[in-house]
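Text of the file target19.pdb, holding PDB, C-alpha atoms:
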ATOM      1  CA  MET A   1     -18.673   5.879  -5.215  1.00  0.00           C
ATOM      2  CA  ASP A   2     -15.209   6.131  -3.695  1.00  0.00           C
ATOM      3  CA  PRO A   3     -12.393   4.058  -5.205  1.00  0.00           C
ATOM      4  CA  VAL A   4     -11.995   0.597  -3.694  1.00  0.00           C
ATOM      5  CA  PRO A   5      -9.055   0.730  -1.223  1.00  0.00           C
ATOM      6  CA  PHE A   6      -7.254  -2.411  -2.356  1.00  0.00           C
ATOM      7  CA  LEU A   7      -5.144  -3.721  -5.195  1.00  0.00           C
ATOM      8  CA  ALA A   8      -6.475  -6.435  -7.479  1.00  0.00           C
ATOM      9  CA  ARG A   9      -4.211  -8.762  -9.397  1.00  0.00           C
ATOM     10  CA  LEU A  10      -5.684 -10.569 -12.401  1.00  0.00           C
ATOM     11  CA  GLU A  11      -3.747 -13.420 -13.999  1.00  0.00           C
ATOM     12  CA  ARG A  12      -4.498 -15.007 -17.366  1.00  0.00           C
ATOM     13  CA  GLY A  13      -2.763 -16.865 -20.168  1.00  0.00           C
ATOM     14  CA  GLY A  14      -5.503 -16.360 -22.770  1.00  0.00           C
ATOM     15  CA  ALA A  15      -4.955 -15.697 -26.428  1.00  0.00           C
ATOM     16  CA  VAL A  16      -6.703 -12.352 -26.931  1.00  0.00           C
ATOM     17  CA  VAL A  17      -9.079  -9.858 -25.339  1.00  0.00           C
ATOM     18  CA  ALA A  18     -10.900  -9.534 -28.627  1.00  0.00           C
ATOM     19  CA  ASN A  19     -10.447 -11.972 -31.429  1.00  0.00           C
ATOM     20  CA  LEU A  20     -12.245 -11.630 -34.728  1.00  0.00           C
ATOM     21  CA  SER A  21     -15.333 -13.287 -33.245  1.00  0.00           C
ATOM     22  CA  ALA A  22     -14.346 -14.966 -29.951  1.00  0.00           C
ATOM     23  CA  ASP A  23     -12.523 -13.707 -26.852  1.00  0.00           C
ATOM     24  CA  SER A  24     -10.202 -15.441 -24.375  1.00  0.00           C
ATOM     25  CA  PHE A  25      -9.111 -13.614 -21.218  1.00  0.00           C
ATOM     26  CA  ARG A  26      -9.606 -13.298 -17.436  1.00  0.00           C
ATOM     27  CA  PHE A  27     -12.536 -11.067 -16.459  1.00  0.00           C
ATOM     28  CA  ALA A  28     -13.471 -10.020 -12.895  1.00  0.00           C
ATOM     29  CA  TYR A  29     -16.895  -8.395 -13.119  1.00  0.00           C
ATOM     30  CA  GLN A  30     -20.164  -7.213 -11.646  1.00  0.00           C
ATOM     31  CA  GLN A  31     -23.478  -6.716 -13.398  1.00  0.00           C
ATOM     32  CA  LEU A  32     -24.542  -3.153 -14.156  1.00  0.00           C
ATOM     33  CA  SER A  33     -28.111  -2.118 -14.995  1.00  0.00           C
ATOM     34  CA  GLY A  34     -28.535   0.979 -17.160  1.00  0.00           C
ATOM     35  CA  ASP A  35     -26.010   3.787 -17.283  1.00  0.00           C
ATOM     36  CA  GLY A  36     -22.789   3.768 -15.281  1.00  0.00           C
ATOM     37  CA  SER A  37     -19.014   3.733 -15.414  1.00  0.00           C
ATOM     38  CA  ILE A  38     -15.889   1.900 -14.379  1.00  0.00           C
ATOM     39  CA  VAL A  39     -12.574   3.588 -13.609  1.00  0.00           C
ATOM     40  CA  ALA A  40      -9.343   1.833 -12.661  1.00  0.00           C
ATOM     41  CA  ARG A  41      -5.676   2.661 -12.439  1.00  0.00           C
ATOM     42  CA  VAL A  42      -3.659  -0.047 -14.186  1.00  0.00           C
ATOM     43  CA  ILE A  43      -0.379  -0.186 -12.278  1.00  0.00           C
ATOM     44  CA  ASP A  44       1.213  -3.248 -13.890  1.00  0.00           C
ATOM     45  CA  ASN A  45       1.015  -5.169 -17.158  1.00  0.00           C
ATOM     46  CA  HIS A  46       3.657  -7.889 -17.503  1.00  0.00           C
ATOM     47  CA  ASN A  47       5.306  -7.922 -20.903  1.00  0.00           C
ATOM     48  CA  THR A  48       4.319 -11.448 -21.973  1.00  0.00           C
ATOM     49  CA  HIS A  49       3.736 -10.046 -25.488  1.00  0.00           C
ATOM     50  CA  ALA A  50       3.786  -6.536 -26.973  1.00  0.00           C
ATOM     51  CA  ALA A  51      -0.018  -6.758 -27.210  1.00  0.00           C
ATOM     52  CA  ALA A  52      -0.631  -8.184 -23.688  1.00  0.00           C
ATOM     53  CA  LYS A  53      -3.707  -6.310 -22.462  1.00  0.00           C
ATOM     54  CA  VAL A  54      -4.917  -5.110 -19.056  1.00  0.00           C
ATOM     55  CA  GLY A  55      -7.845  -2.731 -18.575  1.00  0.00           C
ATOM     56  CA  VAL A  56     -11.602  -2.314 -18.179  1.00  0.00           C
ATOM     57  CA  GLU A  57     -14.493  -3.698 -20.193  1.00  0.00           C
ATOM     58  CA  ILE A  58     -18.265  -3.529 -20.580  1.00  0.00           C
ATOM     59  CA  ARG A  59     -19.812  -6.553 -22.322  1.00  0.00           C
ATOM     60  CA  GLU A  60     -23.340  -7.720 -23.008  1.00  0.00           C
ATOM     61  CA  SER A  61     -22.805 -11.334 -21.955  1.00  0.00           C
ATOM     62  CA  LEU A  62     -20.107 -13.752 -20.847  1.00  0.00           C
ATOM     63  CA  ALA A  63     -20.208 -15.575 -24.203  1.00  0.00           C
ATOM     64  CA  ALA A  64     -16.951 -15.501 -26.200  1.00  0.00           C
ATOM     65  CA  GLY A  65     -18.557 -13.622 -29.118  1.00  0.00           C
ATOM     66  CA  SER A  66     -20.424 -11.040 -27.031  1.00  0.00           C
ATOM     67  CA  LYS A  67     -20.804  -7.382 -27.941  1.00  0.00           C
ATOM     68  CA  HIS A  68     -18.209  -5.477 -25.894  1.00  0.00           C
ATOM     69  CA  VAL A  69     -16.215  -2.290 -25.458  1.00  0.00           C
ATOM     70  CA  ALA A  70     -12.839  -2.365 -23.690  1.00  0.00           C
ATOM     71  CA  LEU A  71     -10.168   0.207 -22.964  1.00  0.00           C
ATOM     72  CA  VAL A  72      -6.900  -1.553 -22.295  1.00  0.00           C
ATOM     73  CA  THR A  73      -3.269  -0.766 -21.734  1.00  0.00           C
ATOM     74  CA  THR A  74      -0.777  -2.868 -23.661  1.00  0.00           C
ATOM     75  CA  ALA A  75       2.727  -3.930 -22.753  1.00  0.00           C
ATOM     76  CA  ALA A  76       4.349  -2.074 -25.655  1.00  0.00           C
ATOM     77  CA  ASN A  77       1.682  -0.673 -27.989  1.00  0.00           C
ATOM     78  CA  GLY A  78       0.087   2.059 -25.859  1.00  0.00           C
ATOM     79  CA  PRO A  79      -3.612   2.250 -24.884  1.00  0.00           C
ATOM     80  CA  GLN A  80      -6.164   0.587 -27.143  1.00  0.00           C
ATOM     81  CA  LEU A  81      -9.955   0.849 -27.547  1.00  0.00           C
ATOM     82  CA  VAL A  82     -11.343  -2.529 -28.638  1.00  0.00           C
ATOM     83  CA  SER A  83     -15.003  -3.144 -29.494  1.00  0.00           C
ATOM     84  CA  ARG A  84     -17.454  -5.558 -31.093  1.00  0.00           C
ATOM     85  CA  THR A  85     -20.887  -4.079 -31.828  1.00  0.00           C
ATOM     86  CA  THR A  86     -22.521  -7.217 -33.287  1.00  0.00           C
ATOM     87  CA  THR A  87     -22.754 -10.528 -31.427  1.00  0.00           C
ATOM     88  CA  GLY A  88     -20.346 -12.943 -33.121  1.00  0.00           C
ATOM     89  CA  GLY A  89     -19.062 -10.155 -35.364  1.00  0.00           C
ATOM     90  CA  SER A  90     -15.512  -8.932 -35.804  1.00  0.00           C
ATOM     91  CA  SER A  91     -13.801  -6.777 -33.200  1.00  0.00           C
ATOM     92  CA  THR A  92     -12.221  -3.478 -34.158  1.00  0.00           C
ATOM     93  CA  ALA A  93      -9.447  -1.568 -32.431  1.00  0.00           C
ATOM     94  CA  VAL A  94      -8.384   2.052 -32.171  1.00  0.00           C
ATOM     95  CA  ASN A  95      -4.682   2.002 -31.317  1.00  0.00           C
ATOM     96  CA  GLY A  96      -2.863   4.567 -29.242  1.00  0.00           C
ATOM     97  CA  THR A  97       0.701   5.665 -29.864  1.00  0.00           C
ATOM     98  CA  ALA A  98       3.139   2.757 -29.509  1.00  0.00           C
ATOM     99  CA  ALA A  99       4.895   3.117 -26.162  1.00  0.00           C
ATOM    100  CA  ALA A 100       6.199   0.985 -23.316  1.00  0.00           C
ATOM    101  CA  PHE A 101       3.719   0.395 -20.513  1.00  0.00           C
ATOM    102  CA  THR A 102       3.391   3.055 -17.832  1.00  0.00           C
ATOM    103  CA  PRO A 103       0.759   3.136 -15.072  1.00  0.00           C
ATOM    104  CA  THR A 104      -2.421   4.513 -16.639  1.00  0.00           C
ATOM    105  CA  TRP A 105      -5.954   5.333 -15.536  1.00  0.00           C
ATOM    106  CA  VAL A 106      -8.661   3.871 -17.807  1.00  0.00           C
ATOM    107  CA  ARG A 107     -12.374   4.714 -17.823  1.00  0.00           C
ATOM    108  CA  LEU A 108     -15.487   3.514 -19.644  1.00  0.00           C
ATOM    109  CA  THR A 109     -18.764   5.436 -19.297  1.00  0.00           C
ATOM    110  CA  ARG A 110     -22.078   4.005 -20.518  1.00  0.00           C
ATOM    111  CA  ALA A 111     -24.913   6.429 -21.385  1.00  0.00           C
ATOM    112  CA  GLY A 112     -27.697   4.638 -23.233  1.00  0.00           C
ATOM    113  CA  ASN A 113     -26.159   2.842 -26.218  1.00  0.00           C
ATOM    114  CA  VAL A 114     -22.981   4.952 -26.225  1.00  0.00           C
ATOM    115  CA  ILE A 115     -19.854   3.860 -24.346  1.00  0.00           C
ATOM    116  CA  THR A 116     -17.109   6.484 -24.110  1.00  0.00           C
ATOM    117  CA  ALA A 117     -13.500   5.491 -23.414  1.00  0.00           C
ATOM    118  CA  ALA A 118     -10.897   7.781 -21.835  1.00  0.00           C
ATOM    119  CA  TRP A 119      -7.432   7.448 -20.276  1.00  0.00           C
ATOM    120  CA  SER A 120      -5.373   9.578 -17.933  1.00  0.00           C
ATOM    121  CA  THR A 121      -1.887   9.701 -16.451  1.00  0.00           C
ATOM    122  CA  ASP A 122      -3.072  11.294 -13.191  1.00  0.00           C
ATOM    123  CA  GLY A 123      -6.781  10.434 -12.788  1.00  0.00           C
ATOM    124  CA  ALA A 124      -7.742  14.124 -13.065  1.00  0.00           C
ATOM    125  CA  SER A 125      -7.094  15.184 -16.668  1.00  0.00           C
ATOM    126  CA  TRP A 126      -8.671  12.777 -19.178  1.00  0.00           C
ATOM    127  CA  THR A 127      -8.107  12.135 -22.895  1.00  0.00           C
ATOM    128  CA  THR A 128     -11.087  10.690 -24.780  1.00  0.00           C
ATOM    129  CA  VAL A 129     -10.030   7.827 -27.043  1.00  0.00           C
ATOM    130  CA  GLY A 130     -13.441   7.437 -28.667  1.00  0.00           C
ATOM    131  CA  ALA A 131     -17.105   6.634 -28.255  1.00  0.00           C
ATOM    132  CA  VAL A 132     -18.701   3.411 -29.495  1.00  0.00           C
ATOM    133  CA  THR A 133     -22.400   2.981 -30.171  1.00  0.00           C
ATOM    134  CA  ALA A 134     -23.341  -0.549 -29.147  1.00  0.00           C
ATOM    135  CA  SER A 135     -26.946  -1.567 -28.597  1.00  0.00           C
ATOM    136  CA  MET A 136     -26.682  -3.898 -25.590  1.00  0.00           C
ATOM    137  CA  ALA A 137     -29.153  -5.304 -23.089  1.00  0.00           C
ATOM    138  CA  SER A 138     -30.065  -3.034 -20.181  1.00  0.00           C
ATOM    139  CA  THR A 139     -28.049  -5.244 -17.801  1.00  0.00           C
ATOM    140  CA  VAL A 140     -24.414  -5.769 -18.820  1.00  0.00           C
ATOM    141  CA  TYR A 141     -21.181  -7.018 -17.291  1.00  0.00           C
ATOM    142  CA  VAL A 142     -18.600  -4.438 -16.245  1.00  0.00           C
ATOM    143  CA  GLY A 143     -15.160  -5.227 -14.901  1.00  0.00           C
ATOM    144  CA  LEU A 144     -11.416  -5.715 -15.083  1.00  0.00           C
ATOM    145  CA  VAL A 145      -9.713  -7.663 -17.867  1.00  0.00           C
ATOM    146  CA  SER A 146      -6.256  -9.237 -18.336  1.00  0.00           C
ATOM    147  CA  CYS A 147      -4.821 -11.210 -21.254  1.00  0.00           C
ATOM    148  CA  ALA A 148      -1.286 -12.483 -21.991  1.00  0.00           C
ATOM    149  CA  ARG A 149      -1.770 -12.683 -25.789  1.00  0.00           C
ATOM    150  CA  ASP A 150       0.186 -15.948 -25.503  1.00  0.00           C
ATOM    151  CA  THR A 151      -1.502 -19.105 -24.204  1.00  0.00           C
ATOM    152  CA  SER A 152       1.828 -20.478 -22.960  1.00  0.00           C
ATOM    153  CA  LYS A 153       2.426 -17.494 -20.630  1.00  0.00           C
ATOM    154  CA  LEU A 154       0.661 -16.012 -17.625  1.00  0.00           C
ATOM    155  CA  ASN A 155       0.078 -12.267 -17.695  1.00  0.00           C
ATOM    156  CA  VAL A 156      -0.365 -10.401 -14.426  1.00  0.00           C
ATOM    157  CA  GLY A 157      -2.370  -7.206 -14.461  1.00  0.00           C
ATOM    158  CA  ARG A 158      -2.495  -5.121 -11.295  1.00  0.00           C
ATOM    159  CA  PHE A 159      -5.184  -2.520 -10.620  1.00  0.00           C
ATOM    160  CA  ALA A 160      -5.721   0.145  -7.962  1.00  0.00           C
ATOM    161  CA  ASP A 161      -8.357   2.787  -7.266  1.00  0.00           C
ATOM    162  CA  VAL A 162     -11.189   0.830  -8.911  1.00  0.00           C
ATOM    163  CA  ALA A 163     -14.521   2.671  -8.872  1.00  0.00           C
ATOM    164  CA  LEU A 164     -17.922   1.745 -10.308  1.00  0.00           C
ATOM    165  CA  THR A 165     -20.950   4.011 -10.692  1.00  0.00           C
ATOM    166  CA  GLY A 166     -24.521   3.138 -11.589  1.00  0.00           C
ATOM    167  CA  THR A 167     -26.921   0.435 -10.431  1.00  0.00           C
ATOM    168  CA  LEU A 168     -24.909  -2.646  -9.577  1.00  0.00           C
ATOM    169  CA  ASN A 169     -26.809  -5.899  -9.131  1.00  0.00           C
ATOM    170  CA  ALA A 170     -24.674  -7.034  -6.226  1.00  0.00           C
ATOM    171  CA  ALA A 171     -24.613  -5.125  -2.959  1.00  0.00           C
ATOM    172  CA  GLU A 172     -21.318  -3.459  -2.118  1.00  0.00           C
ATOM    173  CA  ALA A 173     -19.314  -5.458   0.403  1.00  0.00           C
ATOM    174  CA  VAL A 174     -17.113  -3.558   2.840  1.00  0.00           C
ATOM    175  CA  ASN A 175     -14.098  -5.472   4.180  1.00  0.00           C
ATOM    176  CA  GLY A 176     -15.690  -8.693   2.956  1.00  0.00           C
ATOM    177  CA  LEU A 177     -14.525  -9.067  -0.632  1.00  0.00           C
ATOM    178  CA  ALA A 178     -14.794 -12.633  -1.837  1.00  0.00           C
ATOM    179  CA  THR A 179     -12.008 -13.213  -4.328  1.00  0.00           C
ATOM    180  CA  PRO A 180     -13.296 -14.552  -7.682  1.00  0.00           C
ATOM    181  CA  ALA A 181     -11.441 -17.493  -9.228  1.00  0.00           C
ATOM    182  CA  GLY A 182      -8.230 -16.296 -10.857  1.00  0.00           C
ATOM    183  CA  VAL A 183      -8.005 -13.045  -8.899  1.00  0.00           C
ATOM    184  CA  ALA A 184      -5.634 -12.371  -6.020  1.00  0.00           C
ATOM    185  CA  VAL A 185      -6.375  -9.386  -3.796  1.00  0.00           C
ATOM    186  CA  ASP A 186      -3.396  -7.593  -2.248  1.00  0.00           C
ATOM    187  CA  ARG A 187      -4.285  -5.566   0.841  1.00  0.00           C
TER
END
As structure tokens:
Amino acid sequence: MDPVPFLARLERGGAVVANLSADSFRFAYQQLSGDGSIVARVIDNHNTHAAAKVGVEIRESLAAGSKHVALVTTAANGPQLVSRTTTGGSSTAVNGTAAAFTPTWVRLTRAGNVITAAWSTDGASWTTVGAVTASMASTVYVGLVSCARDTSKLNVGRFADVALTGTLNAAEAVNGLATPAGVAVDR
């Protein structure tokens, strides 16, 4: 599938993308059945907190303690792979090298129970961060995530060149994108 030719802006003042056992963030998603991937270029992550997160995620359900795998950019701590492999369990993180935010491509690829995370500066040459084995339902939620890491502030994450592969449960809409609550679409 070709990248979506628009910019998405996701705003959220939530506490964390992945807490020990419960998450709080803005998530714009579609359902994916079976194997597939999501790729997005994160072009902005406001520095509401050094750990403010913007990126992509695959999660089993919309419940706060769901199994999930996310690859996010942070405002000051570099890219981060965050996952929870047991419903209601603790999340773990693989941190990148601490660095100020720069526009970054992020990608998650699901093949069976393995979700592989990679990032890129140019969208052509990719660095694998890691692979997480997470036994999830056949149909999962895949999408864009933004979190301020401070409930008193509003983080703005901006995305471009979003592309999904696999069997999506909603038909692709061309020039008819309905904006989900909390998402502004810049054209």
Evaluate the PyMOL selection byres ((chain A and resi 108) around 8) and record the selected residues as a compact mmCIF listing (two decimals) with C-alpha atoms, keeping the file's coordinate frame, following the chain and residue labels used in the document.
# COMPACT_ATOMS: atom_id res chain seq x y z
CA SER A 37 -19.01 3.73 -15.41
CA ILE A 38 -15.89 1.90 -14.38
CA VAL A 39 -12.57 3.59 -13.61
CA VAL A 56 -11.60 -2.31 -18.18
CA GLU A 57 -14.49 -3.70 -20.19
CA ILE A 58 -18.26 -3.53 -20.58
CA ALA A 70 -12.84 -2.37 -23.69
CA LEU A 71 -10.17 0.21 -22.96
CA VAL A 106 -8.66 3.87 -17.81
CA ARG A 107 -12.37 4.71 -17.82
CA THR A 109 -18.76 5.44 -19.30
CA ARG A 110 -22.08 4.00 -20.52
CA ILE A 115 -19.85 3.86 -24.35
CA THR A 116 -17.11 6.48 -24.11
CA ALA A 117 -13.50 5.49 -23.41
CA ALA A 118 -10.90 7.78 -21.84
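At a cut-off of 9 Å from (-30.0, 2.4, -18.3), the residue set is Leu32, Ser33, Gly34, Asp35, Gly36, Arg110, Ala111, Gly112, Asn113, Ser138, Thr139, Gly166 and Thr167 of chain A (counting all atoms listed in the file).
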Quiz prompt | Polymer residues at most 12 Å from (4.2, 3.5, -33.8) by all atoms listed in the file, as an MDAnalysis selection string | solution = chainID A and resid 76:79 95:100
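The two atoms in question, atom CA of A:Val162 and atom CA of A:Gln80, are spaced 18.9 Å apart.
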Self-check item: Nearest to A:Thr102 by atom-to-atom distance, counting all atoms listed in the file, from A:Trp119, A:His49, A:Ala137, A:Ser83
Solution: A:Trp119
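Minimum atom-to-atom distance to A:Asp161, evaluated using all atoms listed in the file, belongs to A:Asp122 out of A:Gly88, A:Asp122, A:Val140, A:Arg26.
Take atom CA of A:Cys147 and atom CA of A:Val82: the distance between them is 13.1 Å.
Atom CA of A:Val54 to atom CA of A:Val42 spans 7.1 Å [interatomic distance, one decimal].
Every residue that the PyMOL selection byres ((chain A and resi 27) around 7) selects in this file is listed here: Phe25, Arg26, Ala28, Tyr29, Gly143, Leu144, Val145 and Ser146 of chain A.
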Practice problem: Skip A:Ala52 itself and residues of its chain fewer than 2 positions away, then list as a PyMOL selection string all residues within 9 Å of it, counting all atoms listed in the file. | Solution: chain A and resi 16-17+45-50+54+73-77+146-150+155
Exercise. Taking the file above as input, evaluate the PyMOL selection byres ((chain A and resi 62) around 10) and report the hits as a PyMOL selection string.
Key: chain A and resi 23+27+29+59-61+63-68+140-141
Need the axis-aligned box for stretch 79-82 of chain A with 3 Å each side, so what are the centre and edges in Å to one decimal, as AutoDock Vina command-line options?
--center_x -7.5 --center_y -0.1 --center_z -26.8 --size_x 13.7 --size_y 10.8 --size_z 9.8
